[in-house]
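Colleague: Right, I'll just put the structure down here and ask away after.
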Amino acid sequence: MKIKFEDKLDYQQEAIAAITGIFEGQETCRTNFSITPQATGQANLYQSDLGVGNKLTLLEDELLRNVQGIQTRFGQKQTKKLDKKDLHFSVEMETGTGKTYVYLRTIFELNKAYGFTKFIIVVPSIAIKEGTNKSLQITKEHFKGLYDNINYDFFTYDSQKLEQVRSFATNDYVQVMVINIDAFRKSFTDPDKETKANIIHRTNDKLSGYRPIDFIRETSPIVIIDEPQSVDATPKSKEAIRSLNPLCTLRYSATHREKHNLMYRLDSVDAYERKLVKQIEVASLEVQNFHNQAYIKLLKVDSKKSPTTATVEIDINQGGKVKRVTKVVKQNTDLMELTKRDVYEGYILKDIYCAPGNEYIDFTSQQHEVRLGKAIGTVDEDVYKRQQIRKTIEEHLEKEIRLNPRGIKVLSLFFIDKVTNYRTYDADGNPQKGKYAVMFEEEYKKLISSTKYHSLFGEIKDKDELAAAVHDGYFSVDNKGKAKDTKGDTSADDDTYSLIMRDKERLLSFDTKLRFIFSHSALKEGWDNPNVFQICTLNETSSEMKKRQEIGRGLRLAVNQDGERVRGFEVNTLTVMANESYQDFVDALQKEIAEEEGIRFGVVEDHTFANIVTGTDEDDQPTYLGQEASEKFYGYLLRKGYVDLKGKVQDDLRHDLRENKVEVPEEYEHVKPQIIRQLKKIAGNLNIKNANDRKKVSVNKGVLLSPEFEQLWSRIKYKTTFSVDFDSDKLVQKCVEAMQNQLVVGKGKFIFKKALTEASKGGLSAKEIHESASLIEQQSQPLPDIVSYLQNETHLTRKSIVDILIKSGKLDMFKNNPQRFIDEVIDIIRTQMRHFIVDGIKYEKLGDQEVYTQELFENEELFGHLRSDMVESTKSPYDYVIYDSAIEANMAQHFENSANVKVYAKLPAWFKIDTPLGTYNPDWAVLWDNEGQEKLYFVVETKGALSWEFLRPAEKAKIECGRKHYKALSDDIGFEVAESFETFSDKVLAG
């Protein structure tokens with residue numbers, strides 16, 4: 001199978017034109033020169049044949065005019081000055097969009113238009129060198145077809161084959177050399193130190209006393225740097241590039257560190273919006289209802305301030321339920337006191353180590369050490385990894401069902417950090433399966449036996465043989481042929497990369513059984529395969545692999561069995577099995593993109609509008625708004641306060657965009673729709689609160705001191721006390737019945753979630769599209785003292801608790817999931833207690849002096865956002881009502897507009913009624929006038945629930961307590977539960 005290349009992709013043609021256009025006006029020229037002997041002090045001098053080099057005839061101002069025109073067309077910041085002796089131009093293209101193809105084809109376009117013949121491709125690593133070499137091989141037929149069977153040579157520089165350098169200099173047709181920066185980075189200035197330099201910088205008798213670099217320099221090559229952020233990141237590397245004497249340097253990357261005269265940009269957001277890469281689907285595997293051990297995860301250490309602190313994730317007891325929360329701790333923090341859980345006994349923080357790369361915490365009485373990013377007390381690591389492998393296989397098989405009929409082979413990639421986890425060796429050196437290989441084959445055999453996947457395999461005769469054939473590992477080997485861990489830049493890695501690249505097309509064929517690839521995480525860049533649809537990282541240590549490196553292995557659009565690209569997200573979705581929640585993954589990915597690509601999410605730049613098309617010229621070519629007009633409009637945005645001094649979009653602009661209120665100066669009216677579209681893309685989420693709208697709420701004394709409000713307040717201000725009387729034997733019996741009917745306690749669960757990511761100039765987002773659960777199979781854990789735990793949380797006697805547990809007949813469930821069992825029993829007991837409490841509670845008014853005074857309204861500072869969470873008020877104690885939901889906004893607005901409502905109050909948080917279930921804060925107090933008959937009502941809005949039945953039991957119980965509280969104060973206070981003002985008024989008018 002051979003991959004077919006498309007030659008008319010608009011974005012690739014744009015990227016090519018962005019470079020070839022720089023030399024517009026240059027004559028097509030071929031310049032001959034003679035290499036003459038130099039005074040090198042060598043006895044044997046060499047008289048060379050003729051050679052061919054590049055020559056640039058354009059003046060600097062001509063080059064600059066071309067460059068600025070191209071930058072305007074493609075919306076890039078304008079170059080102000082050029083130095084003809086040191087020309088650098090950059091092209092930014094997202095991984096997977098054909099960057100290598102673009103710069104290779106640019107070579108032929110430059111030759112066709114201007115006769116340039118000498119090109120050097122400088123790469124940073126073995127991986128990219130092998131990838132470039134492979135690209136040159138598989139595109140040869142394609143380029144010869146496009147360019148009239150053009151004669152050209154390409155080779156990878158080899159210090160043992162210096163005759164290739166001579167041929168590069170002397171041949172008069174297109175020559176392409178691929179060279180690793182390390183092959184010529186070590187130069188020398190002192191002849192006595194020549195032996196310390198790379199061979200390319202040393203004189204050589206076979207070259208008649210010349211250095212290989214002398215031949216290269218004379219050709220004035222056009223130098224193409226692949227991944228310049230890695231190639232010339234140091235002064236030595238920059239010096240090495242200059243030593244080639246380039247006519248100009250072209251830089252291609254998805255993540256430039258320095259953007260020298262950026263000519264064209266196709267960043268990750270552009271690529272996503274134009275569907276030029278796969279859509280990313282993030283899958284996460286979370287543990288739920290597994291709190292039976294002392295769980296501690298170290299998230300962060302901080303020694304910048306005293307004392308040194310650590311941020312940890314732990315399980316704490318909150319109101320009788322165990323919840324996973326984040327806490328900042330310091331030396332001597334007792335986690336048992338912090339969590340209120342006995343399983344943390346002995347976990348007193350001893351030391352916090354902050355040495356970079358060796359961050360961890362340890363404890364005084366427990367032999368546990370928690371490293372940064374790792375956790376203890378959770379599901380066994382191998383159980384978790386097995387589940388990751390299983391889910392990756394499932395996702396793979398699901399895609400095979402959909403894509404196999406379309407002639408698309410599905411591949412999955414596992415990154416591992418220790419080769420021994422996949423492949424080991426016995427005493428005789430024979431390869432054996434490591435634990436990941438064993439897990440894979442076991443889970444694969446289980447899944448392919450499912451009826452669901454019958455169409456893929458038919459009647460499977462030998463599952464063992466098939467499971468062994470569909471996976472393999474690509475690892476570097478030592479001199480005995482054994483796979484080993486490496487850093488990705490050794491000679492052993494060179495062979496591994498060659499193998500991967502040689503197999504690139506073979507892997508795409510259905511004839512090859514291999515579908516699951518295990519690779520060392522060090523081999524993380526420079527190679528990929530268009531049909532990688534799943535990527536799973538199986539690391540025992542915290543992964544240093546960046547998200548962009550990880551997903552970059554699978555971003556390319558898929559190809560079918562004819563080698564043709566298949567487009568559309570319905571096919572091209574890359575599933576990444578993350579070691580974190582999908583939201584955390586997306587947040588980290590956005591941060592990396594911002595740092596590496598320089599995408600300033602939510603930022604307008606002064607050239608943002610330069611490439612807006614305004615019409616066409618007399619040659620029917622597009623005309624553009626231009627840099628000057630763009631800078632002027634940017635100034636307008638600054639003056640309006642729509643962006644800050646750094647160009648960051650402000651909430652005022654987001655608000656006006658949302659409300660379609662953005663105005664532009666008259667001279668920009670003809671392009672206003674294009675400007676608005678651009679601003680909306682950059683602004684991102686428009687559902688925001690405007691910081692500039694933040695306003696302090698003032699007391700409305702006209703209402704607060706009015707007779708109507710005085711009448712309302714004088715009836716509700718009193719405090720009460722309560723007592724509860726109930727039969728404990730009946731409570732025990734009710735709890736037993738509820739446990740027998742309701743209690744189900746399962747084991748801990750893995751929750752598998754998938755979310756599709758979306759990218760825009762405003763940022764990355766994730767939308768959950770799938771969730772499923774599976775049980776955690778773990779060994780039994782030590783059982784806690786359940787009786788003491790329940791006694792502390794319910795305040796029942798020990799005898800009552802023992803009776804409930806024994807009579808329920810459910811104690812066997814306790815061993816399944818101890819903490820979950822305890823949580824559920826607490827819920828059941830508390831629910832039954834609520835019924836008894838509500839039935840048996842009695843309120844009594846305290847003395848006339850125990851009241852909430854009206855002056856309290858004047859003591860509280862309230863703030864809201866004018867256009868987001870405030871309703872102007874003339875009937876409440878404040879000039880604005882701050883609302884938390886659309887229901888509250890609806891209530892407040894109708895209270896304001898209703899002639900029946902004399903005054904009302906959204907009751908402040910300090911207005912509380914004591915109940916055995918905790919304090920209760922009613923929502924609204926309303927003085928209602930119905931044809932001269934006034935009555936006070938408490939309105940409880942149900943936050944969108946349709947009726948009383950949908951309220952939570954605890955909320956119902958508190959409301960009933962509140963009802964009894966006011967019954968103790970007066971018979972003339974109504975209580976109504978409503979989800980809207982309409983429901984409330986219907987109930988009141990119905991009597």
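Just so we're on the same page: first chain in the structure tokens is A, next is B, and so on; residues restart at 1 for each chain, and ligands are numbered from 1 in the order they show up.
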With only C-alpha atoms as the counted atoms, please give the residues lying no more than 7 Å from segment 303-317 of chain A, apart from itself and same-chain residues fewer than 4 positions off, as a list of chain:residue names.
Modeller: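 Counting only C-alpha atoms, the residues come to A:Tyr295, A:Ile296, A:Lys297, A:Leu298, A:Leu299, A:Lys321, A:Val322, A:Lys323, A:Arg324, A:Val325, A:Thr326, A:Lys327, A:Val328, A:Val329, A:Lys330, A:Thr339, A:Lys340, A:Arg341, A:Ile352, A:Cys354.
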Colleague: Fewer than 2 positions away in the same chain doesn't count, so skip those; otherwise give me all residues within 12 Å of Trp924 of chain A, counting only C-alpha atoms, as a compact mmCIF listing (two decimals) with C-alpha atoms, in the first residue's frame.
Modeller:
```
# COMPACT_ATOMS: atom_id res chain seq x y z
CA LEU A 712 -44.05 42.50 57.75
CA ILE A 716 -41.40 37.36 61.41
CA SER A 876 -37.56 45.59 49.00
CA VAL A 881 -32.20 42.31 44.53
CA TYR A 883 -30.45 36.73 42.37
CA GLU A 888 -35.17 34.06 41.46
CA MET A 891 -39.75 36.03 41.19
CA ALA A 892 -38.16 39.40 41.96
CA PHE A 895 -42.90 40.99 42.88
CA VAL A 903 -43.37 44.96 50.08
CA TYR A 904 -41.13 41.90 50.02
CA ALA A 905 -37.67 40.77 51.05
CA LYS A 906 -35.23 38.22 49.71
CA LEU A 907 -34.30 37.04 53.15
CA PRO A 908 -30.59 37.51 53.95
CA ALA A 909 -28.33 34.61 54.90
CA PHE A 911 -32.04 35.21 58.83
CA ASN A 921 -33.02 30.09 55.60
CA PRO A 922 -36.38 30.74 53.86
CA VAL A 926 -44.01 38.80 50.95
CA LEU A 927 -46.78 41.09 52.17
CA LEU A 936 -47.86 37.66 55.15
CA TYR A 937 -46.44 34.76 53.16
CA PHE A 938 -43.18 32.92 53.12
CA VAL A 939 -42.43 31.79 49.60
CA VAL A 940 -40.12 28.83 49.10
CA GLU A 941 -38.97 28.57 45.49
CA THR A 942 -38.06 25.06 44.46
CA GLY A 974 -48.76 31.42 55.10
CA PHE A 975 -46.16 29.07 53.65
CA GLU A 976 -46.18 28.35 49.92
CA VAL A 977 -43.81 26.21 47.86
CA ALA A 978 -43.65 27.35 44.23
CA PHE A 981 -44.47 33.60 40.66
CA PHE A 984 -47.41 31.26 43.94
```
Colleague: So how many Å separate atom CA of Leu456 of chain A and atom CA of Ile769 of chain A, to one decimal?
Modeller: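 One can read the atom CA of Leu456 of chain A to atom CA of Ile769 of chain A distance as 25.2 Å.
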Colleague: What's around Gln432 of chain A at 9 Å? Count only C-alpha atoms, leave out sequence neighbours fewer than 3 positions away in its own chain, and write the answer as number ranges by chain.
Modeller: A: 422-426
Colleague: Could you pull the residues within 12 Å of Val438 of chain A, counting only C-alpha atoms, minus those fewer than 2 positions along the same chain, as a list in words?
Modeller: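 Skipping anything fewer than 2 positions along the chain leaves Asp382, Lys385, Arg386, Ile389, Arg390, Asn421, Tyr422, Arg423, Thr424, Gln432, Lys433, Gly434, Lys435, Tyr436, Phe440, Glu441, Glu442, Glu443, Tyr444, Lys445, Asp464, Ala467, Ala468 and His471 of chain A.
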Colleague: Would you mind exporting C-alpha atoms of the selected residues as a PDB file, in the first residue's frame?
Modeller:
```pdb
ATOM      1  CA  ASP A 382      -2.194  -2.668  37.998  1.00  0.00           C
ATOM      2  CA  LYS A 385      -3.798   0.042  34.130  1.00  0.00           C
ATOM      3  CA  ARG A 386      -5.690  -3.108  33.161  1.00  0.00           C
ATOM      4  CA  ILE A 389      -5.962  -1.187  28.443  1.00  0.00           C
ATOM      5  CA  ARG A 390      -9.427  -2.749  28.316  1.00  0.00           C
ATOM      6  CA  ASN A 421       6.422  -3.814  31.761  1.00  0.00           C
ATOM      7  CA  TYR A 422       5.858  -5.091  28.224  1.00  0.00           C
ATOM      8  CA  ARG A 423       8.789  -7.365  27.472  1.00  0.00           C
ATOM      9  CA  THR A 424      11.144  -9.274  29.770  1.00  0.00           C
ATOM     10  CA  GLN A 432       8.839 -13.137  27.642  1.00  0.00           C
ATOM     11  CA  LYS A 433       5.615 -11.180  28.000  1.00  0.00           C
ATOM     12  CA  GLY A 434       5.659  -8.378  30.540  1.00  0.00           C
ATOM     13  CA  LYS A 435       2.633  -7.525  32.636  1.00  0.00           C
ATOM     14  CA  TYR A 436       1.137  -5.095  30.093  1.00  0.00           C
ATOM     15  CA  PHE A 440      -3.563  -6.874  26.885  1.00  0.00           C
ATOM     16  CA  GLU A 441      -3.943 -10.431  25.639  1.00  0.00           C
ATOM     17  CA  GLU A 442      -6.261 -11.428  28.480  1.00  0.00           C
ATOM     18  CA  GLU A 443      -8.557  -8.447  27.961  1.00  0.00           C
ATOM     19  CA  TYR A 444      -8.429  -8.717  24.171  1.00  0.00           C
ATOM     20  CA  LYS A 445      -9.489 -12.369  24.251  1.00  0.00           C
ATOM     21  CA  ASP A 464      -4.473 -17.036  21.740  1.00  0.00           C
ATOM     22  CA  ALA A 467      -4.290 -11.963  20.558  1.00  0.00           C
ATOM     23  CA  ALA A 468      -0.525 -12.481  20.259  1.00  0.00           C
ATOM     24  CA  HIS A 471       0.196  -6.285  19.237  1.00  0.00           C
TER      25      HIS A 471
END
```
Colleague: Quick one: residues within 7 Å of segment 270-286 of chain A, only C-alpha atoms counted, chain neighbours fewer than 4 positions away excluded, as an MDAnalysis selection string?
Modeller: chainID A and resid 94 96:97 266 555:557 568:569 572:582 750:757 759
Colleague: With N, CA and C atoms retained, could you export that selection as an mmCIF file, in the first residue's frame?
Modeller:
```
data_model
loop_
_atom_site.group_PDB
_atom_site.id
_atom_site.type_symbol
_atom_site.label_atom_id
_atom_site.label_comp_id
_atom_site.auth_asym_id
_atom_site.auth_seq_id
_atom_site.Cartn_x
_atom_site.Cartn_y
_atom_site.Cartn_z
ATOM 1 N N GLU A 94 0.288 23.329 12.174
ATOM 2 C CA GLU A 94 -0.044 22.364 13.208
ATOM 3 C C GLU A 94 0.421 20.963 12.827
ATOM 4 N N GLY A 96 0.465 17.295 11.888
ATOM 5 C CA GLY A 96 -0.520 16.482 11.187
ATOM 6 C C GLY A 96 -1.110 17.124 9.957
ATOM 7 N N THR A 97 -0.713 18.375 9.647
ATOM 8 C CA THR A 97 -1.304 19.059 8.484
ATOM 9 C C THR A 97 -0.400 19.003 7.251
ATOM 10 N N LEU A 266 -0.866 28.374 10.429
ATOM 11 C CA LEU A 266 -1.998 27.449 10.512
ATOM 12 C C LEU A 266 -1.859 26.773 11.869
ATOM 13 N N LEU A 555 -2.719 12.822 15.105
ATOM 14 C CA LEU A 555 -3.548 13.904 14.577
ATOM 15 C C LEU A 555 -3.804 13.819 13.076
ATOM 16 N N ARG A 556 -2.948 13.130 12.338
ATOM 17 C CA ARG A 556 -3.102 13.113 10.880
ATOM 18 C C ARG A 556 -4.416 12.462 10.470
ATOM 19 N N LEU A 557 -4.984 12.978 9.380
ATOM 20 C CA LEU A 557 -6.221 12.412 8.855
ATOM 21 C C LEU A 557 -5.972 10.998 8.346
ATOM 22 N N GLY A 568 -13.344 14.449 7.429
ATOM 23 C CA GLY A 568 -14.554 14.535 8.235
ATOM 24 C C GLY A 568 -14.362 13.981 9.640
ATOM 25 N N PHE A 569 -14.932 14.683 10.638
ATOM 26 C CA PHE A 569 -14.782 14.254 12.026
ATOM 27 C C PHE A 569 -15.536 12.960 12.320
ATOM 28 N N ASN A 572 -12.569 10.920 11.565
ATOM 29 C CA ASN A 572 -11.310 11.352 12.173
ATOM 30 C C ASN A 572 -11.502 11.887 13.592
ATOM 31 N N THR A 573 -11.630 10.978 14.520
ATOM 32 C CA THR A 573 -11.683 11.324 15.943
ATOM 33 C C THR A 573 -10.624 10.517 16.675
ATOM 34 N N LEU A 574 -9.728 11.223 17.337
ATOM 35 C CA LEU A 574 -8.649 10.601 18.099
ATOM 36 C C LEU A 574 -9.067 10.510 19.559
ATOM 37 N N THR A 575 -9.097 9.304 20.104
ATOM 38 C CA THR A 575 -9.453 9.105 21.506
ATOM 39 C C THR A 575 -8.175 9.016 22.339
ATOM 40 N N VAL A 576 -8.039 9.923 23.278
ATOM 41 C CA VAL A 576 -6.871 9.947 24.163
ATOM 42 C C VAL A 576 -7.309 9.450 25.539
ATOM 43 N N MET A 577 -6.717 8.368 25.986
ATOM 44 C CA MET A 577 -7.016 7.821 27.309
ATOM 45 C C MET A 577 -6.172 8.572 28.330
ATOM 46 N N ALA A 578 -6.798 9.503 29.051
ATOM 47 C CA ALA A 578 -6.062 10.386 29.951
ATOM 48 C C ALA A 578 -5.947 9.784 31.343
ATOM 49 N N ASN A 579 -4.906 10.209 32.065
ATOM 50 C CA ASN A 579 -4.714 9.773 33.454
ATOM 51 C C ASN A 579 -5.314 10.780 34.425
ATOM 52 N N GLU A 580 -6.262 11.563 33.952
ATOM 53 C CA GLU A 580 -6.878 12.614 34.762
ATOM 54 C C GLU A 580 -8.265 12.870 34.208
ATOM 55 N N SER A 581 -9.024 13.760 34.818
ATOM 56 C CA SER A 581 -10.348 14.076 34.300
ATOM 57 C C SER A 581 -10.203 14.760 32.947
ATOM 58 N N TYR A 582 -11.224 14.625 32.111
ATOM 59 C CA TYR A 582 -11.117 15.222 30.780
ATOM 60 C C TYR A 582 -10.988 16.738 30.865
ATOM 61 N N PHE A 750 -15.209 1.983 38.556
ATOM 62 C CA PHE A 750 -14.507 2.822 37.590
ATOM 63 C C PHE A 750 -15.570 3.553 36.783
ATOM 64 N N ILE A 751 -15.454 4.852 36.689
ATOM 65 C CA ILE A 751 -16.367 5.636 35.853
ATOM 66 C C ILE A 751 -15.586 6.080 34.622
ATOM 67 N N PHE A 752 -16.030 5.602 33.475
ATOM 68 C CA PHE A 752 -15.373 5.925 32.204
ATOM 69 C C PHE A 752 -16.178 7.024 31.526
ATOM 70 N N LYS A 753 -15.511 8.151 31.243
ATOM 71 C CA LYS A 753 -16.182 9.287 30.608
ATOM 72 C C LYS A 753 -15.437 9.669 29.341
ATOM 73 N N LYS A 754 -16.217 10.143 28.360
ATOM 74 C CA LYS A 754 -15.603 10.669 27.140
ATOM 75 C C LYS A 754 -16.162 12.059 26.875
ATOM 76 N N ALA A 755 -15.286 12.932 26.408
ATOM 77 C CA ALA A 755 -15.697 14.292 26.078
ATOM 78 C C ALA A 755 -15.028 14.712 24.782
ATOM 79 N N LEU A 756 -15.800 15.350 23.913
ATOM 80 C CA LEU A 756 -15.250 15.898 22.672
ATOM 81 C C LEU A 756 -14.712 17.290 22.946
ATOM 82 N N THR A 757 -13.534 17.572 22.424
ATOM 83 C CA THR A 757 -12.975 18.906 22.598
ATOM 84 C C THR A 757 -13.313 19.777 21.395
ATOM 85 N N ALA A 759 -12.155 23.717 19.732
ATOM 86 C CA ALA A 759 -11.141 24.770 19.832
ATOM 87 C C ALA A 759 -11.617 26.008 19.094
#
```
Colleague: Give me, please, the distance in Å between atom CA of Glu824 of chain A and atom CA of Gln740 of chain A, quoted to one decimal.
Modeller: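 Between atom CA of Glu824 of chain A and atom CA of Gln740 of chain A the gap works out to 12.2 Å.
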